[in-house]
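Chemist: Below is the file my_file17.txt, which contains compact mmCIF, N, CA and C atoms.
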```txt
# COMPACT_ATOMS: atom_id res chain seq x y z
N MET A 1 -6.41 -10.50 64.57
CA MET A 1 -5.86 -11.24 63.44
C MET A 1 -5.15 -12.48 63.96
N LEU A 2 -5.34 -13.58 63.26
CA LEU A 2 -4.65 -14.81 63.60
C LEU A 2 -3.22 -14.73 63.10
N LYS A 3 -2.29 -15.23 63.90
CA LYS A 3 -0.89 -15.27 63.50
C LYS A 3 -0.47 -16.67 63.05
N PHE A 4 -1.04 -17.68 63.71
CA PHE A 4 -0.71 -19.06 63.35
C PHE A 4 -1.74 -20.01 63.91
N LEU A 5 -1.77 -21.22 63.32
CA LEU A 5 -2.58 -22.32 63.82
C LEU A 5 -1.70 -23.55 63.80
N ILE A 6 -1.63 -24.24 64.92
CA ILE A 6 -0.80 -25.44 65.05
C ILE A 6 -1.66 -26.57 65.58
N LEU A 7 -1.55 -27.73 64.97
CA LEU A 7 -2.18 -28.94 65.49
C LEU A 7 -1.06 -29.86 65.96
N ALA A 8 -1.15 -30.30 67.19
CA ALA A 8 -0.12 -31.17 67.75
C ALA A 8 -0.81 -32.27 68.55
N ASN A 9 -0.16 -33.43 68.62
CA ASN A 9 -0.72 -34.50 69.44
C ASN A 9 -0.25 -34.34 70.88
N LYS A 10 -0.73 -35.17 71.77
CA LYS A 10 -0.40 -34.99 73.19
C LYS A 10 1.03 -35.39 73.53
N ARG A 11 1.77 -35.89 72.56
CA ARG A 11 3.20 -36.14 72.75
C ARG A 11 4.03 -34.96 72.25
N GLY A 12 3.36 -33.93 71.75
CA GLY A 12 4.04 -32.73 71.30
C GLY A 12 4.48 -32.75 69.86
N GLN A 13 4.08 -33.77 69.11
CA GLN A 13 4.46 -33.85 67.70
C GLN A 13 3.52 -32.99 66.86
N ILE A 14 4.09 -32.16 66.03
CA ILE A 14 3.30 -31.25 65.20
C ILE A 14 2.75 -32.04 64.02
N ARG A 15 1.44 -31.92 63.83
CA ARG A 15 0.77 -32.60 62.72
C ARG A 15 0.37 -31.65 61.61
N PHE A 16 0.26 -30.37 61.94
CA PHE A 16 -0.15 -29.38 60.96
C PHE A 16 0.21 -28.01 61.50
N ALA A 17 0.68 -27.13 60.64
CA ALA A 17 0.98 -25.76 61.05
C ALA A 17 0.72 -24.82 59.88
N GLN A 18 0.10 -23.70 60.18
CA GLN A 18 -0.16 -22.67 59.18
C GLN A 18 0.17 -21.32 59.81
N TYR A 19 0.97 -20.53 59.11
CA TYR A 19 1.38 -19.22 59.62
C TYR A 19 0.82 -18.12 58.74
N TYR A 20 0.33 -17.05 59.37
CA TYR A 20 -0.23 -15.91 58.65
C TYR A 20 0.65 -14.68 58.80
N GLU A 21 1.78 -14.85 59.45
CA GLU A 21 2.74 -13.78 59.66
C GLU A 21 4.11 -14.37 59.33
N HIS A 22 4.91 -13.66 58.55
CA HIS A 22 6.20 -14.20 58.15
C HIS A 22 7.13 -14.37 59.35
N MET A 23 7.72 -15.55 59.44
CA MET A 23 8.73 -15.86 60.46
C MET A 23 9.75 -16.79 59.83
N SER A 24 10.98 -16.66 60.25
CA SER A 24 12.01 -17.58 59.74
C SER A 24 11.75 -18.97 60.31
N LYS A 25 12.32 -19.98 59.67
CA LYS A 25 12.15 -21.37 60.11
C LYS A 25 12.61 -21.55 61.56
N ASP A 26 13.73 -20.92 61.91
CA ASP A 26 14.25 -21.05 63.28
C ASP A 26 13.28 -20.47 64.30
N VAL A 27 12.70 -19.31 63.98
CA VAL A 27 11.74 -18.68 64.88
C VAL A 27 10.49 -19.55 65.00
N GLN A 28 10.04 -20.11 63.87
CA GLN A 28 8.87 -20.99 63.88
C GLN A 28 9.11 -22.21 64.78
N GLU A 29 10.27 -22.83 64.63
CA GLU A 29 10.59 -24.02 65.43
C GLU A 29 10.64 -23.70 66.92
N THR A 30 11.24 -22.57 67.27
CA THR A 30 11.31 -22.15 68.67
C THR A 30 9.91 -21.88 69.21
N LEU A 31 9.13 -21.13 68.44
CA LEU A 31 7.77 -20.80 68.84
C LEU A 31 6.96 -22.07 69.05
N GLU A 32 7.02 -23.00 68.10
CA GLU A 32 6.26 -24.25 68.21
C GLU A 32 6.66 -25.03 69.45
N THR A 33 7.95 -25.16 69.68
CA THR A 33 8.43 -25.91 70.84
C THR A 33 7.96 -25.30 72.14
N GLU A 34 8.12 -23.99 72.27
CA GLU A 34 7.76 -23.32 73.52
C GLU A 34 6.25 -23.32 73.77
N ILE A 35 5.48 -23.04 72.73
CA ILE A 35 4.03 -22.96 72.90
C ILE A 35 3.43 -24.34 73.17
N ILE A 36 3.88 -25.33 72.42
CA ILE A 36 3.33 -26.67 72.63
C ILE A 36 3.67 -27.18 74.02
N SER A 37 4.89 -26.95 74.48
CA SER A 37 5.24 -27.40 75.83
C SER A 37 4.43 -26.66 76.89
N LYS A 38 4.15 -25.36 76.67
CA LYS A 38 3.30 -24.60 77.59
C LYS A 38 1.90 -25.20 77.67
N CYS A 39 1.34 -25.51 76.51
CA CYS A 39 -0.02 -26.06 76.47
C CYS A 39 -0.08 -27.46 77.07
N LEU A 40 0.92 -28.29 76.80
CA LEU A 40 0.93 -29.66 77.32
C LEU A 40 1.06 -29.69 78.83
N LEU A 41 1.77 -28.72 79.40
CA LEU A 41 2.00 -28.71 80.84
C LEU A 41 0.80 -28.20 81.64
N ARG A 42 -0.15 -27.56 80.98
CA ARG A 42 -1.30 -27.00 81.70
C ARG A 42 -2.32 -28.11 81.99
N SER A 43 -2.95 -28.01 83.15
CA SER A 43 -3.96 -28.99 83.52
C SER A 43 -5.29 -28.62 82.88
N GLU A 44 -6.23 -29.56 82.88
CA GLU A 44 -7.54 -29.31 82.28
C GLU A 44 -8.33 -28.25 83.04
N SER A 45 -8.01 -28.06 84.32
CA SER A 45 -8.74 -27.07 85.11
C SER A 45 -8.25 -25.64 84.87
N GLN A 46 -7.12 -25.50 84.17
CA GLN A 46 -6.60 -24.17 83.88
C GLN A 46 -7.24 -23.59 82.63
N CYS A 47 -7.20 -22.29 82.53
CA CYS A 47 -7.74 -21.55 81.40
C CYS A 47 -7.03 -21.94 80.10
N SER A 48 -7.74 -21.87 79.00
CA SER A 48 -7.17 -22.22 77.69
C SER A 48 -6.57 -21.03 76.97
N PHE A 49 -6.33 -19.94 77.68
CA PHE A 49 -5.74 -18.74 77.11
C PHE A 49 -4.39 -18.53 77.77
N VAL A 50 -3.35 -18.32 76.94
CA VAL A 50 -2.00 -18.14 77.45
C VAL A 50 -1.39 -16.94 76.73
N GLU A 51 -0.59 -16.17 77.44
CA GLU A 51 0.15 -15.09 76.78
C GLU A 51 1.54 -15.60 76.43
N TYR A 52 1.98 -15.27 75.23
CA TYR A 52 3.30 -15.67 74.78
C TYR A 52 3.92 -14.49 74.04
N LYS A 53 4.97 -13.94 74.64
CA LYS A 53 5.66 -12.77 74.09
C LYS A 53 4.64 -11.68 73.76
N ASN A 54 4.49 -11.32 72.48
CA ASN A 54 3.54 -10.26 72.12
C ASN A 54 2.27 -10.83 71.49
N SER A 55 1.91 -12.05 71.86
CA SER A 55 0.74 -12.72 71.29
C SER A 55 -0.13 -13.32 72.38
N LYS A 56 -1.38 -13.56 72.01
CA LYS A 56 -2.27 -14.36 72.83
C LYS A 56 -2.34 -15.73 72.18
N VAL A 57 -2.35 -16.76 72.99
CA VAL A 57 -2.46 -18.12 72.48
C VAL A 57 -3.73 -18.73 73.07
N VAL A 58 -4.56 -19.27 72.19
CA VAL A 58 -5.79 -19.93 72.59
C VAL A 58 -5.69 -21.37 72.10
N TYR A 59 -6.01 -22.31 72.98
CA TYR A 59 -5.92 -23.71 72.57
C TYR A 59 -7.10 -24.51 73.09
N ARG A 60 -7.37 -25.61 72.42
CA ARG A 60 -8.39 -26.57 72.86
C ARG A 60 -7.84 -27.96 72.61
N ARG A 61 -8.19 -28.85 73.51
CA ARG A 61 -7.77 -30.25 73.35
C ARG A 61 -8.99 -31.07 72.96
N TYR A 62 -8.84 -31.82 71.89
CA TYR A 62 -9.86 -32.76 71.44
C TYR A 62 -9.20 -34.13 71.36
N ALA A 63 -9.61 -35.05 72.24
CA ALA A 63 -9.03 -36.40 72.31
C ALA A 63 -7.52 -36.27 72.47
N ALA A 64 -6.76 -36.72 71.50
CA ALA A 64 -5.30 -36.69 71.60
C ALA A 64 -4.67 -35.51 70.86
N MET A 65 -5.49 -34.59 70.36
CA MET A 65 -4.97 -33.48 69.56
C MET A 65 -5.18 -32.14 70.25
N TYR A 66 -4.17 -31.29 70.14
CA TYR A 66 -4.26 -29.90 70.61
C TYR A 66 -4.37 -29.00 69.39
N PHE A 67 -5.36 -28.12 69.39
CA PHE A 67 -5.55 -27.12 68.35
C PHE A 67 -5.15 -25.80 68.98
N ILE A 68 -4.07 -25.22 68.49
CA ILE A 68 -3.45 -24.04 69.10
C ILE A 68 -3.46 -22.89 68.10
N VAL A 69 -3.99 -21.75 68.53
CA VAL A 69 -4.06 -20.58 67.65
C VAL A 69 -3.39 -19.40 68.35
N GLY A 70 -2.50 -18.73 67.64
CA GLY A 70 -1.87 -17.52 68.14
C GLY A 70 -2.49 -16.31 67.47
N THR A 71 -2.76 -15.27 68.26
CA THR A 71 -3.40 -14.07 67.73
C THR A 71 -2.66 -12.83 68.20
N ASP A 72 -3.03 -11.70 67.60
CA ASP A 72 -2.50 -10.43 68.12
C ASP A 72 -3.30 -10.06 69.37
N ASN A 73 -2.94 -8.99 70.01
CA ASN A 73 -3.56 -8.63 71.29
C ASN A 73 -4.96 -8.04 71.15
N GLU A 74 -5.38 -7.68 69.95
CA GLU A 74 -6.71 -7.11 69.77
C GLU A 74 -7.79 -8.17 69.58
N GLU A 75 -7.41 -9.39 69.27
CA GLU A 75 -8.39 -10.45 68.96
C GLU A 75 -9.10 -10.92 70.23
N ASN A 76 -10.38 -11.21 70.10
CA ASN A 76 -11.20 -11.69 71.20
C ASN A 76 -10.91 -13.18 71.43
N GLU A 77 -10.48 -13.53 72.64
CA GLU A 77 -10.11 -14.92 72.94
C GLU A 77 -11.28 -15.88 72.80
N LEU A 78 -12.45 -15.46 73.24
CA LEU A 78 -13.61 -16.34 73.15
C LEU A 78 -14.02 -16.59 71.70
N ALA A 79 -13.88 -15.59 70.85
CA ALA A 79 -14.19 -15.76 69.43
C ALA A 79 -13.21 -16.75 68.81
N VAL A 80 -11.95 -16.68 69.19
CA VAL A 80 -10.95 -17.62 68.68
C VAL A 80 -11.22 -19.02 69.22
N TYR A 81 -11.63 -19.10 70.48
CA TYR A 81 -11.97 -20.39 71.10
C TYR A 81 -13.11 -21.05 70.33
N GLU A 82 -14.11 -20.26 69.96
CA GLU A 82 -15.23 -20.76 69.16
C GLU A 82 -14.79 -21.10 67.74
N PHE A 83 -13.88 -20.32 67.18
CA PHE A 83 -13.35 -20.62 65.85
C PHE A 83 -12.70 -22.00 65.84
N ILE A 84 -11.92 -22.29 66.88
CA ILE A 84 -11.26 -23.60 66.95
C ILE A 84 -12.32 -24.71 66.96
N HIS A 85 -13.37 -24.53 67.75
CA HIS A 85 -14.43 -25.53 67.81
C HIS A 85 -15.11 -25.68 66.46
N ASN A 86 -15.37 -24.57 65.80
CA ASN A 86 -15.99 -24.60 64.48
C ASN A 86 -15.09 -25.31 63.46
N PHE A 87 -13.79 -25.06 63.52
CA PHE A 87 -12.83 -25.71 62.64
C PHE A 87 -12.86 -27.22 62.86
N VAL A 88 -12.87 -27.65 64.11
CA VAL A 88 -12.91 -29.09 64.42
C VAL A 88 -14.23 -29.70 63.94
N GLU A 89 -15.33 -29.01 64.14
CA GLU A 89 -16.62 -29.52 63.66
C GLU A 89 -16.65 -29.61 62.14
N THR A 90 -16.05 -28.65 61.47
CA THR A 90 -15.99 -28.67 60.01
C THR A 90 -15.14 -29.85 59.54
N LEU A 91 -14.00 -30.07 60.18
CA LEU A 91 -13.18 -31.24 59.85
C LEU A 91 -13.96 -32.53 60.08
N THR A 92 -14.72 -32.58 61.17
CA THR A 92 -15.52 -33.77 61.48
C THR A 92 -16.59 -33.99 60.42
N LYS A 93 -17.21 -32.92 59.95
CA LYS A 93 -18.21 -33.05 58.88
C LYS A 93 -17.58 -33.58 57.60
N TYR A 94 -16.41 -33.05 57.26
CA TYR A 94 -15.77 -33.46 56.02
C TYR A 94 -15.26 -34.90 56.10
N PHE A 95 -14.56 -35.24 57.18
CA PHE A 95 -13.97 -36.56 57.32
C PHE A 95 -14.89 -37.55 58.02
N SER A 96 -16.06 -37.14 58.43
CA SER A 96 -16.99 -37.93 59.26
C SER A 96 -16.25 -38.59 60.42
N ASN A 97 -16.08 -37.79 61.45
CA ASN A 97 -15.39 -38.16 62.69
C ASN A 97 -13.88 -38.10 62.51
N VAL A 98 -13.34 -36.92 62.50
CA VAL A 98 -11.92 -36.67 62.24
C VAL A 98 -11.04 -37.26 63.34
N CYS A 99 -9.88 -37.76 62.93
CA CYS A 99 -8.89 -38.25 63.89
C CYS A 99 -7.50 -37.80 63.41
N GLU A 100 -6.50 -38.09 64.21
CA GLU A 100 -5.13 -37.66 63.89
C GLU A 100 -4.67 -38.20 62.53
N LEU A 101 -5.04 -39.43 62.21
CA LEU A 101 -4.63 -40.02 60.93
C LEU A 101 -5.27 -39.31 59.74
N ASP A 102 -6.52 -38.88 59.89
CA ASP A 102 -7.16 -38.11 58.81
C ASP A 102 -6.37 -36.84 58.51
N ILE A 103 -5.91 -36.19 59.55
CA ILE A 103 -5.12 -34.97 59.38
C ILE A 103 -3.77 -35.30 58.73
N LEU A 104 -3.12 -36.34 59.20
CA LEU A 104 -1.80 -36.71 58.67
C LEU A 104 -1.84 -37.07 57.19
N PHE A 105 -2.84 -37.84 56.80
CA PHE A 105 -2.88 -38.35 55.43
C PHE A 105 -3.67 -37.46 54.46
N ASN A 106 -4.25 -36.39 54.97
CA ASN A 106 -5.02 -35.48 54.12
C ASN A 106 -4.67 -34.03 54.40
N LEU A 107 -3.39 -33.74 54.49
CA LEU A 107 -2.96 -32.37 54.79
C LEU A 107 -3.49 -31.36 53.77
N ASP A 108 -3.55 -31.77 52.51
CA ASP A 108 -4.06 -30.87 51.49
C ASP A 108 -5.51 -30.49 51.75
N ARG A 109 -6.31 -31.44 52.19
CA ARG A 109 -7.72 -31.15 52.49
C ARG A 109 -7.85 -30.26 53.72
N VAL A 110 -7.01 -30.50 54.72
CA VAL A 110 -7.04 -29.67 55.93
C VAL A 110 -6.67 -28.23 55.55
N HIS A 111 -5.66 -28.07 54.69
CA HIS A 111 -5.28 -26.74 54.21
C HIS A 111 -6.44 -26.09 53.45
N MET A 112 -7.12 -26.86 52.61
CA MET A 112 -8.24 -26.29 51.84
C MET A 112 -9.36 -25.84 52.76
N ILE A 113 -9.69 -26.66 53.76
CA ILE A 113 -10.75 -26.29 54.70
C ILE A 113 -10.37 -25.03 55.46
N LEU A 114 -9.13 -24.99 55.94
CA LEU A 114 -8.68 -23.80 56.68
C LEU A 114 -8.65 -22.58 55.76
N ASP A 115 -8.22 -22.75 54.52
CA ASP A 115 -8.18 -21.63 53.58
C ASP A 115 -9.57 -21.11 53.23
N GLU A 116 -10.58 -21.97 53.31
CA GLU A 116 -11.96 -21.51 53.11
C GLU A 116 -12.42 -20.67 54.30
N MET A 117 -11.86 -20.94 55.48
CA MET A 117 -12.29 -20.26 56.70
C MET A 117 -11.50 -19.00 57.01
N VAL A 118 -10.20 -19.02 56.68
CA VAL A 118 -9.31 -17.92 57.08
C VAL A 118 -8.54 -17.42 55.85
N VAL A 119 -8.52 -16.11 55.67
CA VAL A 119 -7.75 -15.48 54.60
C VAL A 119 -6.88 -14.41 55.23
N ASN A 120 -5.57 -14.52 55.03
CA ASN A 120 -4.61 -13.54 55.57
C ASN A 120 -4.76 -13.31 57.06
N GLY A 121 -5.11 -14.35 57.79
CA GLY A 121 -5.23 -14.25 59.23
C GLY A 121 -6.57 -13.74 59.73
N HIS A 122 -7.51 -13.50 58.82
CA HIS A 122 -8.83 -13.02 59.20
C HIS A 122 -9.87 -14.11 58.91
N ILE A 123 -10.72 -14.35 59.88
CA ILE A 123 -11.78 -15.35 59.72
C ILE A 123 -12.83 -14.77 58.78
N VAL A 124 -13.06 -15.46 57.66
CA VAL A 124 -13.99 -14.93 56.66
C VAL A 124 -15.22 -15.81 56.46
N GLU A 125 -15.16 -17.05 56.89
CA GLU A 125 -16.30 -17.96 56.71
C GLU A 125 -16.43 -18.87 57.90
N SER A 126 -17.65 -19.02 58.39
CA SER A 126 -17.88 -19.91 59.53
C SER A 126 -18.97 -20.93 59.27
N ASN A 127 -19.66 -20.82 58.14
CA ASN A 127 -20.73 -21.74 57.81
C ASN A 127 -20.13 -23.08 57.37
N GLN A 128 -20.33 -24.11 58.19
CA GLN A 128 -19.73 -25.41 57.93
C GLN A 128 -20.21 -26.03 56.61
N ALA A 129 -21.49 -25.91 56.33
CA ALA A 129 -22.04 -26.50 55.10
C ALA A 129 -21.42 -25.87 53.86
N THR A 130 -21.25 -24.56 53.88
CA THR A 130 -20.63 -23.85 52.75
C THR A 130 -19.19 -24.30 52.56
N ILE A 131 -18.45 -24.40 53.66
CA ILE A 131 -17.04 -24.79 53.60
C ILE A 131 -16.90 -26.21 53.05
N VAL A 132 -17.67 -27.14 53.61
CA VAL A 132 -17.58 -28.54 53.20
C VAL A 132 -18.01 -28.70 51.75
N SER A 133 -19.08 -28.01 51.34
CA SER A 133 -19.52 -28.13 49.94
C SER A 133 -18.48 -27.57 48.98
N SER A 134 -17.79 -26.51 49.35
CA SER A 134 -16.73 -25.95 48.49
C SER A 134 -15.59 -26.95 48.32
N VAL A 135 -15.18 -27.58 49.40
CA VAL A 135 -14.07 -28.54 49.33
C VAL A 135 -14.51 -29.79 48.56
N ARG A 136 -15.73 -30.23 48.76
CA ARG A 136 -16.24 -31.40 48.02
C ARG A 136 -16.33 -31.09 46.52
N ALA A 137 -16.67 -29.85 46.16
CA ALA A 137 -16.71 -29.46 44.75
C ALA A 137 -15.31 -29.55 44.14
N ILE A 138 -14.31 -29.13 44.89
CA ILE A 138 -12.93 -29.26 44.42
C ILE A 138 -12.56 -30.74 44.27
N ASP A 139 -12.99 -31.57 45.22
CA ASP A 139 -12.75 -33.02 45.14
C ASP A 139 -13.33 -33.60 43.86
N GLN A 140 -14.55 -33.18 43.49
CA GLN A 140 -15.19 -33.70 42.30
C GLN A 140 -14.42 -33.31 41.04
N VAL A 141 -13.92 -32.11 40.98
CA VAL A 141 -13.14 -31.65 39.83
C VAL A 141 -11.83 -32.44 39.73
N VAL A 142 -11.18 -32.64 40.86
CA VAL A 142 -9.90 -33.36 40.90
C VAL A 142 -10.08 -34.82 40.52
N ASN A 143 -11.19 -35.43 40.94
CA ASN A 143 -11.42 -36.87 40.69
C ASN A 143 -11.95 -37.18 39.31
N ARG A 144 -12.14 -36.20 38.48
CA ARG A 144 -12.65 -36.45 37.10
C ARG A 144 -11.57 -37.04 36.26
```
Is it possible to give me this structure as structure tokens?
Modeler:
Amino acid sequence: MLKFLILANKRGQIRFAQYYEHMSKDVQETLETEIISKCLLRSESQCSFVEYKNSKVVYRRYAAMYFIVGTDNEENELAVYEFIHNFVETLTKYFSNVCELDILFNLDRVHMILDEMVVNGHIVESNQATIVSSVRAIDQVVNR
């Protein structure tokens, strides 16, 4: 089960965060600070899997953005690694070449895309075409 997903730039600024497990604001801030600094300090030659307290953390770097996912200990790291890649590809399909500004100025769309893919911390959809068409259908209703 996924516990959280955090998007941060290479300066450590959080651009997006979604939690699937209840945590107080203070705990969230501490977690974000510690995990992001851990990921930023690792070299490209090191593994993208990190243990943090009672969680596994899987991350991938795309250009200037880090996509960081925390999971419980039963989750398969490689499946989460592929989920991150699929999420980025889905964002790229929707925004046609996603960048940090697309995420910043379209947080609602990023939430919708993620909500199509993950429900209560469980990955439920991986088909990019289905996800993008669902979000575009919502866009059409909103733009009427």
Chemist: How far is it from CA of Val124 (chain A) to CA of Glu75 (chain A), in Å with one decimal?
Modeler: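 Distance between the two atoms: 14.2 Å.
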Chemist: Enumerate, as JSON, numbers by chain, the complete set of residues in region 102-135 of chain A that a backbone-based DSSP assignment places in helix (DSSP H, G or I).
Modeler: {"A": [102, 103, 104, 105, 107, 108, 109, 110, 111, 112, 113, 114, 115, 116, 117, 128, 129, 130, 131, 132, 133, 134, 135]}
Chemist: Using only C-alpha atoms, which of A:Gly121, A:Ser45, A:Ser134, A:Met65 sits nearest Ile14 (chain A)?
Modeler: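 Going through A:Gly121, A:Ser45, A:Ser134, A:Met65 one by one, the smallest distance to Ile14 (chain A) is for A:Met65.
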Chemist: Check the smallest atom-to-atom distance from each of A:Glu74, A:Lys93, A:Ser43, A:Ile84 to Val58 (chain A) using all atoms listed in the file, then report the winner.
Modeler: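 For Val58 (chain A), the nearest of the given residues is A:Ile84.
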Chemist: Would you compute the distance between atom N of Ile113 (chain A) and CA of Met23 (chain A)? Give it in Å to one decimal.
Modeler: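 Those two atoms sit 22.4 Å apart.
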Chemist: If DSSP is run on the backbone, what residues of chain A are strand (DSSP E)? A reply as a PyMOL selection string would be ideal.
Modeler: chain A and resi 2-9+14-19+49-52+55-62+65-71+118-119+122-123
